[in-house]
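Novice: The structure's right below; bear with me while I get my questions together.
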Amino acid sequence: MRIATFNINGVKARAEALAAWLDAETPDVAILQEIKSEDASFPRELIEERGYYLETHGQKGFNGVVLLSKLPLEDVMRGLPGDPEDLQARYIEATIVGKSALRVCGLYLPNGNPVELDAAGRPVDGGKYAYKLKWMERLHARAVTLLAEEIPFLMAGDYNIIPQAEDAKRPNAWREDALFRPESRAAYRRLLNLGLTEAFRARVQGPGHYSFWDYQAGAWNKDDGIRIDHVLLSPEAADLLLEVRIQKDVRAGEKPSDHVPVWVELDL
DNA sequence: ATGGCCGGTGGAACCGGA
């Protein structure tokens with residue numbers, strides 16, 4: 001089973017490129033972020049006429065995550081538990097059943113900039129950086145719950161986290177950024193330390209592998225990228241891992257997103 | 001060499017992104 005996560009940066013602007021990508025790559029499951037669309041205005045036909053089940057969790061103008069799958073999406077959950085006041089559409093889960101069941105969690109983790117710290121160096125309450133870190137605590141809690149239920153699962157999406165210096169062309173440019181600050185990376189490591197496997201680094205070592213290139217300043221032409229889109233696997237899911245791949249060529253396509261798909265193939 | 005963007009909203013600039 002081939003599964004891709006892809007931040008498409010707007011489903012309206014990306015409809016044509018998304019359709020072409022689905023036709024060419026035929027993922028079994030695709031986990032999309034930043035659809036920037038309400039559920040009612042999501043172009044469902046585009047997906048469904050290609051033989052996919054579709055579950056959306058959208059929001060007007062910003063954010064928005066969806067799951068699409070050749071197999072039925074069961075027991076859908078929208079929103080990350082832990083804060084009823086958080087109305088941002090950044091999380092969706094569903095179960096697919098191949099040879100065995102897999103819980104698929106799609107996420108669009110908050111960017112977190114600008115970083116606002118108080119005199120003691122603590123994130124300022126109500127600020128975007130505090131929101132990011134709190135959201136990561138909630139994601140950690142969700143992973144604990146799923147691990148306890150002993151369901152094989154993956155958590156895939158735009159994490160807005162540069163895990164290590166080797167995951168950026170110019171790490172020094174990101175030192176103070178919410179994507180690379182120590183608090184962000186520590187929260188990401190706490191997630192991994194639950195026993196989750198980051199699919200890409202389980203298979204590929206070394207620098208020069210990116211999933212995002214800014215539209216600005218010729219970043220793509222200079223290969224000035226960062227690796228921020230990740231697939232985390234529960235222990236049972238990690239046992240099923242066959243292949244992993246970053247589909248870099250998509251960034252050179254017609255009217256591309258600033259992110260590219262990250263793929264895993266599972267023996268499922 | 002240097003500088004450089006894009007999408008959505010709403011119908012002009014502005015917000016948000018990373």
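Note on naming: chains are A, B, ... as they come in the structure tokens, residues start from 1 per chain, ligands start from 1 in the order shown.
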Could you please write out, as a list of chain:residue names, every residue of range 140-173 of chain A that DSSP assigns to alpha helix (DSSP H)?
Specialist: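 So the alpha helix (DSSP H) residues in range 140-173 of chain A would be A:His140, A:Ala141, A:Arg142, A:Ala143, A:Val144, A:Thr145, A:Leu146, A:Leu147, A:Ala148, A:Glu149.
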Novice: Using N, CA and C atoms, can you write the selected residues to a file as a PDB file, in the first residue's frame?
Specialist:
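File produced: part_5.pdb:
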```pdb
ATOM      1  N   HIS A 140       1.179  14.611  21.225  1.00  0.00           N
ATOM      2  CA  HIS A 140       1.859  13.607  22.048  1.00  0.00           C
ATOM      3  C   HIS A 140       0.821  12.787  22.825  1.00  0.00           C
ATOM      4  N   ALA A 141      -0.136  13.481  23.434  1.00  0.00           N
ATOM      5  CA  ALA A 141      -1.186  12.793  24.206  1.00  0.00           C
ATOM      6  C   ALA A 141      -2.001  11.870  23.309  1.00  0.00           C
ATOM      7  N   ARG A 142      -2.265  12.325  22.100  1.00  0.00           N
ATOM      8  CA  ARG A 142      -3.029  11.490  21.165  1.00  0.00           C
ATOM      9  C   ARG A 142      -2.245  10.229  20.801  1.00  0.00           C
ATOM     10  N   ALA A 143      -0.933  10.392  20.592  1.00  0.00           N
ATOM     11  CA  ALA A 143      -0.088   9.236  20.267  1.00  0.00           C
ATOM     12  C   ALA A 143      -0.075   8.243  21.430  1.00  0.00           C
ATOM     13  N   VAL A 144      -0.012   8.768  22.661  1.00  0.00           N
ATOM     14  CA  VAL A 144      -0.053   7.889  23.846  1.00  0.00           C
ATOM     15  C   VAL A 144      -1.339   7.071  23.852  1.00  0.00           C
ATOM     16  N   THR A 145      -2.457   7.736  23.561  1.00  0.00           N
ATOM     17  CA  THR A 145      -3.757   7.047  23.529  1.00  0.00           C
ATOM     18  C   THR A 145      -3.771   5.941  22.474  1.00  0.00           C
ATOM     19  N   LEU A 146      -3.291   6.259  21.273  1.00  0.00           N
ATOM     20  CA  LEU A 146      -3.310   5.271  20.189  1.00  0.00           C
ATOM     21  C   LEU A 146      -2.366   4.113  20.484  1.00  0.00           C
ATOM     22  N   LEU A 147      -1.217   4.412  21.085  1.00  0.00           N
ATOM     23  CA  LEU A 147      -0.280   3.347  21.449  1.00  0.00           C
ATOM     24  C   LEU A 147      -0.921   2.400  22.459  1.00  0.00           C
ATOM     25  N   ALA A 148      -1.660   2.984  23.415  1.00  0.00           N
ATOM     26  CA  ALA A 148      -2.307   2.165  24.441  1.00  0.00           C
ATOM     27  C   ALA A 148      -3.378   1.269  23.833  1.00  0.00           C
ATOM     28  N   GLU A 149      -3.986   1.735  22.756  1.00  0.00           N
ATOM     29  CA  GLU A 149      -5.018   0.932  22.093  1.00  0.00           C
ATOM     30  C   GLU A 149      -4.426  -0.146  21.188  1.00  0.00           C
TER      31      GLU A 149
END
```
Novice: So which bits of range 66-238 of chain A end up strand (DSSP E or B) when you DSSP the backbone, as a ChimeraX atom specification?
Specialist: /A:66-69,74-78,91-97,101-108,117,123,153-158,168,197-198,212-213,225-226,229-233
Novice: Can you work out which residues from chain A touch chain B at a cut-off of 6 Å (counting only C-alpha atoms (C1' of nucleotides)) and hand them back as number ranges by chain?
Specialist: A: 61, 215-217
Novice: Write out, as a CSV table (one decimal), in the first residue's frame, the residues just selected, with C-alpha atoms.
Specialist:
```
chain,number,residue,atom,x,y,z
A,61,GLY,CA,-9.2,30.6,3.9
A,215,TYR,CA,8.5,30.6,-3.3
A,216,GLN,CA,10.8,33.5,-2.5
A,217,ALA,CA,14.4,34.4,-3.3
```
Novice: Which residues, written as a PyMOL selection string, have at least one atom at most 6 Å from range 195-209 of chain A, with only C-alpha atoms (C1' of nucleotides) counted and residues fewer than 2 positions away on the same chain left out?
Specialist: chain A and resi 166+192-193+231-234+244
Novice: Please identify all polymer residues within 10 Å of Ala165 in chain A, counting only C-alpha atoms (C1' of nucleotides), omitting same-chain residues fewer than 4 positions from it, and present them as number ranges by chain.
Specialist: A: 169-172, 174-175, 180, 207, 226-227
Novice: How would the residues just chosen look if you wrote them out with C-alpha atoms as an mmCIF file, in the first residue's frame?
Specialist:
```cif
data_model
loop_
_atom_site.group_PDB
_atom_site.id
_atom_site.type_symbol
_atom_site.label_atom_id
_atom_site.label_comp_id
_atom_site.auth_asym_id
_atom_site.auth_seq_id
_atom_site.Cartn_x
_atom_site.Cartn_y
_atom_site.Cartn_z
ATOM 1 C CA LYS A 169 20.359 23.766 3.424
ATOM 2 C CA ARG A 170 21.180 26.761 5.666
ATOM 3 C CA PRO A 171 20.532 25.659 9.262
ATOM 4 C CA ASN A 172 21.981 28.840 10.725
ATOM 5 C CA TRP A 174 16.672 28.901 10.996
ATOM 6 C CA ARG A 175 18.233 28.908 14.505
ATOM 7 C CA PHE A 180 14.033 24.831 14.364
ATOM 8 C CA PRO A 207 21.993 15.972 4.281
ATOM 9 C CA ILE A 226 14.049 22.306 4.489
ATOM 10 C CA ARG A 227 12.642 18.919 5.449
#
```
Novice: Need to verify the contact set: Tyr188 in chain A, 10 Å, only C-alpha atoms (C1' of nucleotides), exclusion of same-chain residues closer than 5 positions in sequence. Can you return it as a count of residues only?
Specialist: 12
Novice: For a test of reading the model, state the distance in Å between CA of Val76 in chain A and CA of Leu109 in chain A, rounded to one decimal.
Specialist: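 About the pair CA of Val76 in chain A and CA of Leu109 in chain A: they are 18.9 Å apart.
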Novice: If we count only C-alpha atoms (C1' of nucleotides), what is near range 20-27 of chain A at a cut-off of 8 Å, once residues fewer than 2 positions away on the same chain are taken out, given as a PyMOL selection string?
Specialist: chain A and resi 2-4+16-18+29-30+50+69
Novice: Need the shell around Gly79 in chain A: protein/DNA/RNA residues with any atom at most 8 Å away, counting only C-alpha atoms (C1' of nucleotides). Skip same-chain ones fewer than 3 positions apart. Format as a ChimeraX atom specification?
Specialist: /A:57,89-92
Novice: With C-alpha atoms kept, could you save the residues just selected as an mmCIF file, in the first residue's frame?
Specialist:
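Output saved as again23.cif:
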```cif
data_model
loop_
_atom_site.group_PDB
_atom_site.id
_atom_site.type_symbol
_atom_site.label_atom_id
_atom_site.label_comp_id
_atom_site.auth_asym_id
_atom_site.auth_seq_id
_atom_site.Cartn_x
_atom_site.Cartn_y
_atom_site.Cartn_z
ATOM 1 C CA HIS A 57 -11.906 18.801 7.661
ATOM 2 C CA ALA A 89 -8.791 22.665 11.161
ATOM 3 C CA ARG A 90 -5.455 20.879 11.453
ATOM 4 C CA TYR A 91 -6.127 17.232 12.249
ATOM 5 C CA ILE A 92 -8.106 14.268 10.910
#
```
Novice: What is the CA of Ala40 in chain A-CA of Ile228 in chain A distance in Å, reported with one decimal?
Specialist: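 Calculated distance between CA of Ala40 in chain A and CA of Ile228 in chain A is 29.1 Å.
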